[in-house]
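File shown: entry.cif (mmCIF, C-alpha atoms).
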```
data_input
loop_
_atom_site.group_PDB
_atom_site.id
_atom_site.type_symbol
_atom_site.label_atom_id
_atom_site.label_comp_id
_atom_site.auth_asym_id
_atom_site.auth_seq_id
_atom_site.Cartn_x
_atom_site.Cartn_y
_atom_site.Cartn_z
ATOM 1 C CA MET A 1 0.031 38.023 7.779
ATOM 2 C CA LYS A 2 -0.960 34.705 9.369
ATOM 3 C CA MET A 3 -3.736 32.847 7.554
ATOM 4 C CA THR A 4 -6.741 31.733 9.583
ATOM 5 C CA ALA A 5 -6.897 27.973 10.102
ATOM 6 C CA GLN A 6 -9.887 26.264 8.546
ATOM 7 C CA HIS A 7 -11.989 24.050 10.807
ATOM 8 C CA GLU A 8 -13.351 20.764 9.460
ATOM 9 C CA ARG A 9 -15.567 18.013 10.779
ATOM 10 C CA VAL A 10 -13.633 15.217 9.044
ATOM 11 C CA VAL A 11 -10.226 15.345 7.408
ATOM 12 C CA ILE A 12 -9.044 12.307 5.439
ATOM 13 C CA ILE A 13 -5.313 11.972 4.834
ATOM 14 C CA GLY A 14 -4.502 9.852 1.783
ATOM 15 C CA SER A 15 -5.819 9.151 -1.697
ATOM 16 C CA GLY A 16 -5.993 5.420 -2.291
ATOM 17 C CA PRO A 17 -9.042 3.120 -2.189
ATOM 18 C CA ALA A 18 -9.416 3.523 1.589
ATOM 19 C CA ALA A 19 -9.278 7.321 1.492
ATOM 20 C CA TRP A 20 -11.710 7.794 -1.390
ATOM 21 C CA THR A 21 -14.167 5.249 0.005
ATOM 22 C CA ALA A 22 -14.050 7.025 3.361
ATOM 23 C CA ALA A 23 -14.683 10.311 1.537
ATOM 24 C CA ILE A 24 -17.694 8.896 -0.313
ATOM 25 C CA TYR A 25 -19.285 7.638 2.900
ATOM 26 C CA ALA A 26 -18.464 10.764 4.899
ATOM 27 C CA ALA A 27 -19.789 13.035 2.144
ATOM 28 C CA ARG A 28 -23.037 11.097 1.886
ATOM 29 C CA ALA A 29 -23.375 11.501 5.652
ATOM 30 C CA ALA A 30 -23.298 15.299 5.123
ATOM 31 C CA LEU A 31 -19.945 15.670 6.903
ATOM 32 C CA SER A 32 -18.384 17.642 4.013
ATOM 33 C CA PRO A 33 -15.041 15.816 4.220
ATOM 34 C CA LEU A 34 -11.738 17.362 3.242
ATOM 35 C CA VAL A 35 -9.216 15.017 1.618
ATOM 36 C CA VAL A 36 -5.522 15.887 1.782
ATOM 37 C CA GLU A 37 -4.384 13.652 -1.061
ATOM 38 C CA GLY A 38 -0.628 14.261 -0.980
ATOM 39 C CA ALA A 39 1.635 16.036 -3.425
ATOM 40 C CA GLY A 40 3.481 12.940 -4.607
ATOM 41 C CA SER A 41 7.045 11.704 -4.646
ATOM 42 C CA ARG A 42 9.192 9.383 -6.751
ATOM 43 C CA THR A 43 7.708 6.253 -5.163
ATOM 44 C CA MET A 44 4.230 7.397 -4.112
ATOM 45 C CA ILE A 45 1.776 9.633 -5.942
ATOM 46 C CA PRO A 46 -1.856 10.597 -5.307
ATOM 47 C CA GLY A 47 -3.873 7.436 -5.828
ATOM 48 C CA GLY A 48 -1.406 5.218 -3.981
ATOM 49 C CA GLN A 49 0.196 1.989 -5.135
ATOM 50 C CA LEU A 50 -2.547 1.339 -7.689
ATOM 51 C CA MET A 51 -1.162 4.210 -9.743
ATOM 52 C CA PHE A 52 1.771 1.884 -10.513
ATOM 53 C CA THR A 53 -0.494 -1.060 -11.402
ATOM 54 C CA THR A 54 -1.412 -1.586 -15.036
ATOM 55 C CA ASP A 55 -4.230 -4.161 -14.935
ATOM 56 C CA VAL A 56 -6.548 -4.840 -11.995
ATOM 57 C CA GLU A 57 -8.637 -7.968 -12.567
ATOM 58 C CA ASN A 58 -9.634 -8.906 -9.015
ATOM 59 C CA TYR A 59 -11.726 -5.883 -7.988
ATOM 60 C CA PRO A 60 -15.497 -6.572 -8.131
ATOM 61 C CA GLY A 61 -17.492 -4.590 -10.660
ATOM 62 C CA PHE A 62 -14.913 -4.544 -13.456
ATOM 63 C CA PRO A 63 -15.552 -7.779 -15.404
ATOM 64 C CA GLU A 64 -13.118 -6.840 -18.154
ATOM 65 C CA GLY A 65 -10.505 -5.526 -15.741
ATOM 66 C CA VAL A 66 -9.363 -1.950 -15.290
ATOM 67 C CA THR A 67 -6.045 -0.168 -14.950
ATOM 68 C CA GLY A 68 -5.050 1.055 -11.535
ATOM 69 C CA PRO A 69 -5.034 4.751 -12.557
ATOM 70 C CA GLU A 70 -8.453 4.410 -14.209
ATOM 71 C CA MET A 71 -9.905 2.859 -11.087
ATOM 72 C CA MET A 72 -8.477 5.572 -8.849
ATOM 73 C CA ASP A 73 -9.816 8.257 -11.175
ATOM 74 C CA ALA A 74 -13.261 6.670 -10.840
ATOM 75 C CA PHE A 75 -12.994 6.514 -7.043
ATOM 76 C CA ARG A 76 -11.936 10.158 -6.919
ATOM 77 C CA ALA A 77 -14.687 11.293 -9.300
ATOM 78 C CA GLN A 78 -17.322 9.544 -7.207
ATOM 79 C CA ALA A 79 -16.093 11.274 -4.057
ATOM 80 C CA LEU A 80 -16.076 14.664 -5.812
ATOM 81 C CA ARG A 81 -19.622 14.064 -7.041
ATOM 82 C CA PHE A 82 -20.757 14.309 -3.434
ATOM 83 C CA ASP A 83 -18.870 17.579 -2.895
ATOM 84 C CA THR A 84 -15.761 16.179 -1.256
ATOM 85 C CA ARG A 85 -13.092 18.875 -1.194
ATOM 86 C CA VAL A 86 -9.469 18.070 -2.001
ATOM 87 C CA ILE A 87 -6.099 19.601 -1.167
ATOM 88 C CA THR A 88 -3.155 18.327 -3.196
ATOM 89 C CA ASP A 89 -0.498 18.696 -0.531
ATOM 90 C CA ASP A 90 1.364 16.694 2.094
ATOM 91 C CA VAL A 91 0.615 16.720 5.801
ATOM 92 C CA VAL A 92 3.967 17.447 7.444
ATOM 93 C CA GLU A 93 3.008 17.997 11.075
ATOM 94 C CA VAL A 94 0.142 16.897 13.310
ATOM 95 C CA GLU A 95 -1.166 17.451 16.834
ATOM 96 C CA LEU A 96 -3.760 14.748 17.343
ATOM 97 C CA GLU A 97 -4.305 14.664 21.091
ATOM 98 C CA GLY A 98 -7.267 16.595 22.452
ATOM 99 C CA GLN A 99 -9.599 18.755 20.384
ATOM 100 C CA PRO A 100 -9.507 20.051 17.793
ATOM 101 C CA LYS A 101 -6.878 18.071 15.904
ATOM 102 C CA ARG A 102 -4.267 20.253 14.204
ATOM 103 C CA LEU A 103 -2.778 19.421 10.805
ATOM 104 C CA VAL A 104 -0.089 21.402 9.023
ATOM 105 C CA THR A 105 0.436 20.984 5.272
ATOM 106 C CA ALA A 106 3.599 21.761 3.370
ATOM 107 C CA ARG A 107 2.260 24.780 1.483
ATOM 108 C CA GLY A 108 -1.100 25.755 2.938
ATOM 109 C CA PRO A 109 -2.512 27.038 6.209
ATOM 110 C CA GLU A 110 -2.991 24.724 9.156
ATOM 111 C CA ILE A 111 -6.212 22.737 9.347
ATOM 112 C CA LEU A 112 -8.235 22.114 12.485
ATOM 113 C CA ALA A 113 -10.352 18.968 12.533
ATOM 114 C CA ASP A 114 -12.848 17.358 14.865
ATOM 115 C CA SER A 115 -11.909 13.933 13.494
ATOM 116 C CA VAL A 116 -9.159 12.543 11.293
ATOM 117 C CA ILE A 117 -9.011 9.423 9.141
ATOM 118 C CA VAL A 118 -5.466 8.311 8.368
ATOM 119 C CA ALA A 119 -5.404 6.397 5.063
ATOM 120 C CA THR A 120 -1.867 7.073 3.881
ATOM 121 C CA GLY A 121 -1.108 3.512 2.787
ATOM 122 C CA ALA A 122 2.264 1.837 2.624
ATOM 123 C CA ASN A 123 5.169 1.951 0.227
ATOM 124 C CA ALA A 124 6.432 -1.304 -1.223
ATOM 125 C CA ARG A 125 10.134 -1.764 -0.629
ATOM 126 C CA TRP A 126 11.967 -1.810 -3.951
ATOM 127 C CA LEU A 127 15.448 -2.976 -4.802
ATOM 128 C CA GLY A 128 16.496 0.357 -6.251
ATOM 129 C CA VAL A 129 18.390 -1.143 -9.171
ATOM 130 C CA PRO A 130 18.533 0.054 -12.813
ATOM 131 C CA GLY A 131 15.521 -0.893 -14.910
ATOM 132 C CA GLU A 132 13.284 -1.808 -11.973
ATOM 133 C CA GLU A 133 11.282 1.384 -11.502
ATOM 134 C CA ARG A 134 10.923 2.026 -15.248
ATOM 135 C CA LEU A 135 9.535 -1.441 -16.002
ATOM 136 C CA ALA A 136 7.312 -1.415 -12.903
ATOM 137 C CA GLN A 137 5.674 1.870 -13.873
ATOM 138 C CA SER A 138 5.229 0.918 -17.529
ATOM 139 C CA GLY A 139 3.726 -2.506 -16.874
ATOM 140 C CA GLY A 140 6.797 -4.219 -18.268
ATOM 141 C CA GLY A 141 6.644 -7.302 -16.066
ATOM 142 C CA VAL A 142 7.995 -5.968 -12.759
ATOM 143 C CA SER A 143 5.681 -5.831 -9.751
ATOM 144 C CA ALA A 144 5.643 -5.717 -5.968
ATOM 145 C CA CYS A 145 2.311 -7.548 -5.681
ATOM 146 C CA ALA A 146 1.995 -11.085 -7.006
ATOM 147 C CA VAL A 147 -1.606 -11.423 -5.847
ATOM 148 C CA CYS A 148 -2.479 -8.211 -7.708
ATOM 149 C CA ASP A 149 -0.683 -8.922 -10.972
ATOM 150 C CA GLY A 150 0.451 -12.532 -11.060
ATOM 151 C CA ALA A 151 -2.648 -13.989 -12.692
ATOM 152 C CA LEU A 152 -2.394 -11.681 -15.699
ATOM 153 C CA PRO A 153 -2.019 -13.523 -19.018
ATOM 154 C CA TYR A 154 1.416 -11.968 -19.522
ATOM 155 C CA PHE A 155 2.980 -14.130 -16.784
ATOM 156 C CA ARG A 156 1.369 -17.440 -17.698
ATOM 157 C CA GLY A 157 3.947 -20.035 -18.660
ATOM 158 C CA GLN A 158 6.825 -17.616 -18.098
ATOM 159 C CA VAL A 159 9.938 -18.027 -16.022
ATOM 160 C CA VAL A 160 9.412 -15.511 -13.234
ATOM 161 C CA ALA A 161 11.678 -14.431 -10.405
ATOM 162 C CA VAL A 162 10.572 -13.696 -6.858
ATOM 163 C CA VAL A 163 13.077 -11.668 -4.850
ATOM 164 C CA GLY A 164 13.107 -12.167 -1.082
ATOM 165 C CA GLY A 165 13.350 -14.808 1.594
ATOM 166 C CA GLY A 166 10.551 -14.175 4.079
ATOM 167 C CA ASP A 167 6.975 -15.374 4.290
ATOM 168 C CA SER A 168 5.809 -12.788 1.756
ATOM 169 C CA ALA A 169 8.324 -13.980 -0.828
ATOM 170 C CA ILE A 170 7.472 -17.648 -0.337
ATOM 171 C CA GLU A 171 3.738 -16.896 -0.440
ATOM 172 C CA ASP A 172 4.293 -15.039 -3.715
ATOM 173 C CA ALA A 173 6.388 -17.882 -5.133
ATOM 174 C CA THR A 174 3.760 -20.474 -4.202
ATOM 175 C CA TYR A 175 1.034 -18.298 -5.694
ATOM 176 C CA MET A 176 2.965 -17.721 -8.921
ATOM 177 C CA ALA A 177 3.620 -21.456 -9.303
ATOM 178 C CA LYS A 178 -0.050 -21.771 -10.289
ATOM 179 C CA PHE A 179 0.480 -19.596 -13.360
ATOM 180 C CA ALA A 180 4.158 -19.431 -14.304
ATOM 181 C CA GLY A 181 6.162 -22.111 -16.049
ATOM 182 C CA ARG A 182 8.917 -21.876 -13.435
ATOM 183 C CA VAL A 183 9.433 -19.706 -10.368
ATOM 184 C CA ILE A 184 12.939 -18.774 -9.309
ATOM 185 C CA VAL A 185 13.311 -17.476 -5.750
ATOM 186 C CA ILE A 186 16.335 -15.190 -5.446
ATOM 187 C CA HIS A 187 17.635 -14.696 -1.914
ATOM 188 C CA ARG A 188 20.700 -12.874 -0.684
ATOM 189 C CA ARG A 189 21.460 -15.536 1.939
ATOM 190 C CA ASP A 190 21.835 -19.327 1.925
ATOM 191 C CA GLN A 191 18.665 -19.986 3.899
ATOM 192 C CA LEU A 192 15.175 -18.541 4.038
ATOM 193 C CA ARG A 193 13.698 -16.387 6.786
ATOM 194 C CA ALA A 194 10.200 -17.702 6.100
ATOM 195 C CA SER A 195 8.336 -19.875 8.605
ATOM 196 C CA ALA A 196 9.065 -23.597 8.520
ATOM 197 C CA ILE A 197 5.712 -24.567 7.036
ATOM 198 C CA MET A 198 6.016 -21.974 4.269
ATOM 199 C CA GLN A 199 9.519 -23.177 3.436
ATOM 200 C CA GLN A 200 8.402 -26.802 3.231
ATOM 201 C CA ARG A 201 5.570 -25.931 0.848
ATOM 202 C CA ALA A 202 8.037 -24.197 -1.452
ATOM 203 C CA PHE A 203 10.636 -26.965 -1.269
ATOM 204 C CA ASP A 204 7.940 -29.533 -2.083
ATOM 205 C CA ASN A 205 6.754 -27.610 -5.155
ATOM 206 C CA ASP A 206 8.436 -28.921 -8.312
ATOM 207 C CA LYS A 207 7.933 -25.583 -10.099
ATOM 208 C CA ILE A 208 9.859 -23.538 -7.504
ATOM 209 C CA GLU A 209 13.649 -23.296 -7.651
ATOM 210 C CA PHE A 210 16.125 -21.287 -5.568
ATOM 211 C CA LEU A 211 19.135 -19.132 -6.301
ATOM 212 C CA TRP A 212 21.025 -18.703 -3.043
ATOM 213 C CA ASN A 213 23.454 -15.933 -2.081
ATOM 214 C CA LYS A 214 22.368 -13.761 -4.996
ATOM 215 C CA VAL A 215 21.229 -10.162 -5.314
ATOM 216 C CA VAL A 216 19.688 -8.469 -8.343
ATOM 217 C CA THR A 217 21.860 -5.645 -9.632
ATOM 218 C CA GLU A 218 19.911 -4.786 -12.805
ATOM 219 C CA VAL A 219 16.614 -5.590 -14.492
ATOM 220 C CA LEU A 220 17.201 -6.165 -18.194
ATOM 221 C CA GLY A 221 14.837 -5.220 -21.011
ATOM 222 C CA ASP A 222 13.601 -2.148 -22.853
ATOM 223 C CA GLU A 223 9.790 -2.266 -23.006
ATOM 224 C CA VAL A 224 9.402 -5.541 -21.085
ATOM 225 C CA ILE A 225 11.673 -7.495 -18.787
ATOM 226 C CA THR A 226 13.916 -9.996 -20.525
ATOM 227 C CA GLY A 227 16.169 -11.050 -17.672
ATOM 228 C CA LEU A 228 18.122 -10.142 -14.563
ATOM 229 C CA ARG A 229 21.720 -9.383 -13.796
ATOM 230 C CA LEU A 230 22.829 -10.990 -10.533
ATOM 231 C CA LYS A 231 25.773 -10.759 -8.161
ATOM 232 C CA ASP A 232 26.899 -13.525 -5.824
ATOM 233 C CA THR A 233 27.039 -12.194 -2.249
ATOM 234 C CA VAL A 234 29.853 -14.606 -1.340
ATOM 235 C CA THR A 235 32.146 -14.660 -4.368
ATOM 236 C CA GLY A 236 31.159 -11.383 -6.043
ATOM 237 C CA GLU A 237 30.709 -13.229 -9.341
ATOM 238 C CA GLU A 238 28.195 -11.696 -11.754
ATOM 239 C CA SER A 239 25.755 -13.616 -13.918
ATOM 240 C CA THR A 240 22.551 -13.168 -15.918
ATOM 241 C CA PHE A 241 19.515 -15.295 -16.574
ATOM 242 C CA GLU A 242 16.431 -14.920 -18.729
ATOM 243 C CA ALA A 243 13.133 -14.112 -17.030
ATOM 244 C CA GLY A 244 9.717 -12.971 -18.153
ATOM 245 C CA GLY A 245 8.726 -11.376 -14.874
ATOM 246 C CA MET A 246 10.014 -10.247 -11.488
ATOM 247 C CA PHE A 247 8.107 -9.874 -8.236
ATOM 248 C CA VAL A 248 9.809 -7.956 -5.436
ATOM 249 C CA ALA A 249 8.752 -9.290 -2.039
ATOM 250 C CA ILE A 250 11.011 -7.629 0.517
ATOM 251 C CA GLY A 251 8.333 -5.923 2.581
ATOM 252 C CA HIS A 252 6.416 -2.662 2.839
ATOM 253 C CA ILE A 253 6.943 0.589 4.720
ATOM 254 C CA PRO A 254 3.750 2.058 6.224
ATOM 255 C CA ASN A 255 3.453 5.807 5.720
ATOM 256 C CA THR A 256 3.259 6.758 9.383
ATOM 257 C CA GLY A 257 6.349 8.916 9.837
ATOM 258 C CA PHE A 258 4.382 12.182 9.807
ATOM 259 C CA LEU A 259 2.423 11.005 12.879
ATOM 260 C CA ASN A 260 5.602 11.457 14.936
ATOM 261 C CA GLY A 261 4.698 8.718 17.373
ATOM 262 C CA GLN A 262 1.431 10.288 18.510
ATOM 263 C CA VAL A 263 -0.636 7.258 17.502
ATOM 264 C CA GLU A 264 0.203 3.819 18.855
ATOM 265 C CA LEU A 265 1.923 1.640 16.255
ATOM 266 C CA LYS A 266 2.655 -2.055 15.989
ATOM 267 C CA ALA A 267 6.240 -3.255 16.210
ATOM 268 C CA ASN A 268 6.428 -3.231 12.383
ATOM 269 C CA GLY A 269 5.294 0.393 12.121
ATOM 270 C CA TYR A 270 1.670 -0.158 11.096
ATOM 271 C CA ILE A 271 -1.062 1.628 13.057
ATOM 272 C CA GLU A 272 -2.384 -0.389 15.983
ATOM 273 C CA LEU A 273 -6.157 -0.710 16.254
ATOM 274 C CA PRO A 274 -6.997 -1.503 19.904
ATOM 275 C CA THR A 275 -10.495 -2.868 19.208
ATOM 276 C CA PRO A 276 -10.965 -5.734 16.730
ATOM 277 C CA TRP A 277 -13.205 -4.942 13.756
ATOM 278 C CA ARG A 278 -13.080 -1.223 14.511
ATOM 279 C CA THR A 279 -10.937 1.518 12.995
ATOM 280 C CA GLU A 280 -10.400 3.613 16.117
ATOM 281 C CA THR A 281 -6.744 4.221 16.927
ATOM 282 C CA SER A 282 -5.239 4.840 20.357
ATOM 283 C CA LEU A 283 -6.428 8.478 20.172
ATOM 284 C CA PRO A 284 -10.114 9.469 20.349
ATOM 285 C CA GLY A 285 -11.321 10.927 17.069
ATOM 286 C CA VAL A 286 -8.453 9.484 15.036
ATOM 287 C CA PHE A 287 -9.255 6.535 12.772
ATOM 288 C CA ALA A 288 -7.158 4.472 10.375
ATOM 289 C CA ALA A 289 -8.011 2.636 7.160
ATOM 290 C CA GLY A 290 -6.266 0.755 4.385
ATOM 291 C CA ASP A 291 -2.697 -0.433 4.115
ATOM 292 C CA VAL A 292 -1.436 1.952 6.800
ATOM 293 C CA MET A 293 -3.115 -0.349 9.348
ATOM 294 C CA ASP A 294 -3.320 -3.590 7.357
ATOM 295 C CA ASP A 295 -0.083 -5.572 7.316
ATOM 296 C CA TYR A 296 -1.829 -8.794 6.245
ATOM 297 C CA TYR A 297 -4.227 -8.441 3.299
ATOM 298 C CA ARG A 298 -3.009 -5.283 1.531
ATOM 299 C CA GLN A 299 -5.593 -5.451 -1.255
ATOM 300 C CA ALA A 300 -7.578 -2.663 -2.882
ATOM 301 C CA VAL A 301 -10.916 -4.240 -2.006
ATOM 302 C CA SER A 302 -10.030 -4.739 1.667
ATOM 303 C CA ALA A 303 -8.669 -1.183 1.833
ATOM 304 C CA ALA A 304 -11.938 0.169 0.433
ATOM 305 C CA GLY A 305 -13.852 -1.839 3.019
ATOM 306 C CA THR A 306 -11.902 -0.350 5.908
ATOM 307 C CA GLY A 307 -12.378 3.106 4.393
ATOM 308 C CA CYS A 308 -16.119 2.566 4.665
ATOM 309 C CA MET A 309 -15.691 1.392 8.261
ATOM 310 C CA ALA A 310 -13.563 4.405 9.218
ATOM 311 C CA ALA A 311 -16.091 6.867 7.823
ATOM 312 C CA LEU A 312 -18.932 5.153 9.676
ATOM 313 C CA ASP A 313 -16.891 5.065 12.880
ATOM 314 C CA ALA A 314 -16.056 8.757 12.550
ATOM 315 C CA GLU A 315 -19.681 9.643 11.828
ATOM 316 C CA ARG A 316 -20.916 7.781 14.896
ATOM 317 C CA TRP A 317 -18.184 9.236 17.098
ATOM 318 C CA LEU A 318 -19.083 12.759 16.019
ATOM 319 C CA ALA A 319 -22.809 12.095 16.419
ATOM 320 C CA HIS A 320 -22.319 10.928 20.003
ATOM 321 C CA GLY A 321 -20.532 14.091 21.081
ATOM 322 C CA GLY A 322 -17.002 12.906 20.475
ATOM 323 C CA PRO A 323 -15.305 16.318 20.282
ATOM 324 C CA ALA A 324 -17.202 17.744 23.261
ATOM 325 C CA GLU A 325 -16.302 14.728 25.376
ATOM 326 C CA ASN A 326 -12.631 14.927 24.427
ATOM 327 C CA GLY A 327 -11.621 18.502 25.127
ATOM 328 C CA ALA A 328 -13.285 20.686 22.483
ATOM 329 C CA SER A 329 -13.804 24.238 23.596
#
```
Show me the file's structure as structure tokens.
Amino acid sequence: MKMTAQHERVVIIGSGPAAWTAAIYAARAALSPLVVEGAGSRTMIPGGQLMFTTDVENYPGFPEGVTGPEMMDAFRAQALRFDTRVITDDVVEVELEGQPKRLVTARGPEILADSVIVATGANARWLGVPGEERLAQSGGGVSACAVCDGALPYFRGQVVAVVGGGDSAIEDATYMAKFAGRVIVIHRRDQLRASAIMQQRAFDNDKIEFLWNKVVTEVLGDEVITGLRLKDTVTGEESTFEAGGMFVAIGHIPNTGFLNGQVELKANGYIELPTPWRTETSLPGVFAAGDVMDDYYRQAVSAAGTGCMAALDAERWLAHGGPAENGAS
């Protein structure tokens, strides 16, 4: 027997700072939002990338710092306080053109929505080598966000490695040079891909060194990182060196695959927002917030800000007859 699809005013897809902030604002606007928070996978769980972050010290309102999971629990609890409803499942299929929007989850009935806020975030690219995931999840000195974690006391004065060769890697290396004793940039080629000005800043910094034609094959250490095992991409020779931290800076993958090309994307896969300082996507009634549309800042506080914006944009669109003007029956 086919289950009847539920019809919602606002459906929010995601469960990071952007999604929960959008839920708080939408709920307080009496829109009774439904959050589809995701079922989780090996590299992404409900709560987003902050669930893999031990200490957050740069989010306003937490003077003593807070762990990523604790902060996401607080965000979620605040949204639930205002009667936000939650489905712990993945959206696997969407039809976003026209009205109503149609969402299909992996295990439940389809959902019809007048408006949708996409806040599915982005996955950091990892190396996929032994020791990396374990030490990243346990707070053992491995991270994919230098700006998030680099200023923690643990890394001060340490020898830290930054893996990558693009602008992100060089930005991370330059940032870490303010705290670490030495920064070693590990790149698989013999020249950087970063912009010329970024390269020059790194070359001019006495605390930044380079290991060329090297890839990391293993992160060493039990409870905390103690070093890295490397392989030369030219000679195949293996080596190790001691390190007190590793930052992976080889890019992010926005979680947009489930959209199946229905929303306009940038060349790098992030959602395109046609109007500056607005969260509307290329489709009426579909909004985007957080790292899924932000390929520049990628911070919890900026994600929360765009979540607020998306909820306000959705509220105003609905209030001005959005569904009726865009094909609702």
Worksheet, complete the sentence: With distances taken over all atoms listed in the file, the candidate from A:Val263, A:Ile170, A:Ala161, A:Ile197 nearest Arg229 (chain A) is A:Ala161
Worksheet item: From the set A:Ala319, A:Ala74, A:Ala169, A:Val159, which residue has the shortest atom-to-atom contact distance to Phe241 (chain A), counting all atoms listed in the file?
Response: A:Val159
May I have the centre and edge lengths, in Å to one decimal, of an axis-aligned box around the listed atoms of region 247-264 of chain A with 4 Å added to every side, as lines of an AutoDock Vina configuration file?
```
center_x = 5.2
center_y = 1.2
center_z = 5.3
size_x = 19.6
size_y = 30.1
size_z = 35.1
```
Worksheet, complete the sentence: re CA of Ile250 (chain A) and CA of Ala22 (chain A): distance 29.2 Å
Worksheet item: Between A:Thr275, A:Thr256, A:Ser168, A:Thr217, which has the minimum distance to Cys145 (chain A) (counting all atoms listed in the file)?
Response: A:Ser168
Set the distance at 8 Å and use all atoms listed in the file: which residues neighbour region 116-128 of chain A once local chain neighbours fewer than 5 positions away are removed? I'd like the list as a PDB file with C-alpha atoms, in the coordinates of the input.
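Ended up saving to part32.pdb:
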```pdb
ATOM      1  CA  VAL A  10     -13.633  15.217   9.044  1.00  0.00           C
ATOM      2  CA  VAL A  11     -10.226  15.345   7.408  1.00  0.00           C
ATOM      3  CA  ILE A  12      -9.044  12.307   5.439  1.00  0.00           C
ATOM      4  CA  ILE A  13      -5.313  11.972   4.834  1.00  0.00           C
ATOM      5  CA  GLY A  14      -4.502   9.852   1.783  1.00  0.00           C
ATOM      6  CA  SER A  15      -5.819   9.151  -1.697  1.00  0.00           C
ATOM      7  CA  GLY A  16      -5.993   5.420  -2.291  1.00  0.00           C
ATOM      8  CA  ALA A  18      -9.416   3.523   1.589  1.00  0.00           C
ATOM      9  CA  ALA A  19      -9.278   7.321   1.492  1.00  0.00           C
ATOM     10  CA  THR A  43       7.708   6.253  -5.163  1.00  0.00           C
ATOM     11  CA  MET A  44       4.230   7.397  -4.112  1.00  0.00           C
ATOM     12  CA  GLY A  48      -1.406   5.218  -3.981  1.00  0.00           C
ATOM     13  CA  GLN A  49       0.196   1.989  -5.135  1.00  0.00           C
ATOM     14  CA  LYS A 101      -6.878  18.071  15.904  1.00  0.00           C
ATOM     15  CA  GLU A 133      11.282   1.384 -11.502  1.00  0.00           C
ATOM     16  CA  ALA A 144       5.643  -5.717  -5.968  1.00  0.00           C
ATOM     17  CA  VAL A 216      19.688  -8.469  -8.343  1.00  0.00           C
ATOM     18  CA  VAL A 248       9.809  -7.956  -5.436  1.00  0.00           C
ATOM     19  CA  ALA A 249       8.752  -9.290  -2.039  1.00  0.00           C
ATOM     20  CA  ILE A 250      11.011  -7.629   0.517  1.00  0.00           C
ATOM     21  CA  GLY A 251       8.333  -5.923   2.581  1.00  0.00           C
ATOM     22  CA  HIS A 252       6.416  -2.662   2.839  1.00  0.00           C
ATOM     23  CA  ILE A 253       6.943   0.589   4.720  1.00  0.00           C
ATOM     24  CA  PRO A 254       3.750   2.058   6.224  1.00  0.00           C
ATOM     25  CA  ASN A 255       3.453   5.807   5.720  1.00  0.00           C
ATOM     26  CA  THR A 256       3.259   6.758   9.383  1.00  0.00           C
ATOM     27  CA  GLY A 285     -11.321  10.927  17.069  1.00  0.00           C
ATOM     28  CA  VAL A 286      -8.453   9.484  15.036  1.00  0.00           C
ATOM     29  CA  PHE A 287      -9.255   6.535  12.772  1.00  0.00           C
ATOM     30  CA  ALA A 288      -7.158   4.472  10.375  1.00  0.00           C
ATOM     31  CA  ALA A 289      -8.011   2.636   7.160  1.00  0.00           C
ATOM     32  CA  GLY A 290      -6.266   0.755   4.385  1.00  0.00           C
ATOM     33  CA  ASP A 291      -2.697  -0.433   4.115  1.00  0.00           C
ATOM     34  CA  VAL A 292      -1.436   1.952   6.800  1.00  0.00           C
ATOM     35  CA  MET A 293      -3.115  -0.349   9.348  1.00  0.00           C
ATOM     36  CA  GLY A 307     -12.378   3.106   4.393  1.00  0.00           C
ATOM     37  CA  ALA A 310     -13.563   4.405   9.218  1.00  0.00           C
ATOM     38  CA  ALA A 311     -16.091   6.867   7.823  1.00  0.00           C
ATOM     39  CA  ALA A 314     -16.056   8.757  12.550  1.00  0.00           C
TER      40      ALA A 314
END
```
Worksheet item: For Ala194 (chain A), which of A:Glu209, A:Leu312, A:Asp167, A:Ser239 is the closest residue, counting only C-alpha atoms?
Response: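 Checking each candidate against Ala194 (chain A), we get A:Asp167 as the closest.
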Worksheet item: Mind pulling up the distance from CA of Glu132 (chain A) to CA of Ala177 (chain A)?
Response: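 Separation of CA of Ala177 (chain A) and CA of Glu132 (chain A): 22.1 Å.
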Worksheet item: Any idea what the distance is between CA of Leu31 (chain A) and CA of Thr279 (chain A)?
Response: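 CA of Thr279 (chain A) lies at a distance of 17.8 Å from CA of Leu31 (chain A).
All residues of protein, DNA or RNA that reach within 12 Å of Ser282 (chain A), judged by only C-alpha atoms and not counting those fewer than 5 positions away in the chain, are Leu96, Glu97, Gly261, Gln262, Val263, Glu264, Leu265, Lys266, Ile271, Glu272, Leu273, Pro274, Thr275, Phe287 and Ala288 of chain A.
For the choices A:Asp114, A:Ala27, A:Val160, A:Ala106, the atom-to-atom distance to Pro323 (chain A) is smallest for A:Asp114 when using only C-alpha atoms.
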Worksheet item: When the PyMOL selection byres ((chain A and resi 143) around 8) is applied to the file above, which residues end up in the set, as a PyMOL selection string?
Response: chain A and resi 53+136+141-142+144-146+149+246-248
Worksheet item: Pick the closest to Glu237 (chain A) from A:Gln200, A:Ala30, A:Val215, A:Val147: which is it, counting only C-alpha atoms?
Response: A:Val215
Item to complete: Run the PyMOL selection byres ((chain A and resi 81-90) around 7) mentally over the shown coordinates, then write out the matched residues as a ChimeraX atom specification, using the chain letters and numbers from the document.
Response: /A:23-24,27-28,32-39,77-80,91-92,105-107
Worksheet item: Which polymer residues, protein or nucleic acid, are no farther than 12 Å from (1.9, -20.4, -14.1), counting all atoms listed in the file, as a ChimeraX atom specification?
Response: /A:146,150-160,172-183,207-208,244-245
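Once the PyMOL selection byres ((chain A and resi 223) around 8) is applied to the shown structure, the selection contains A:Leu135, A:Ser138, A:Gly140, A:Gly221, A:Asp222, A:Val224, A:Ile225.
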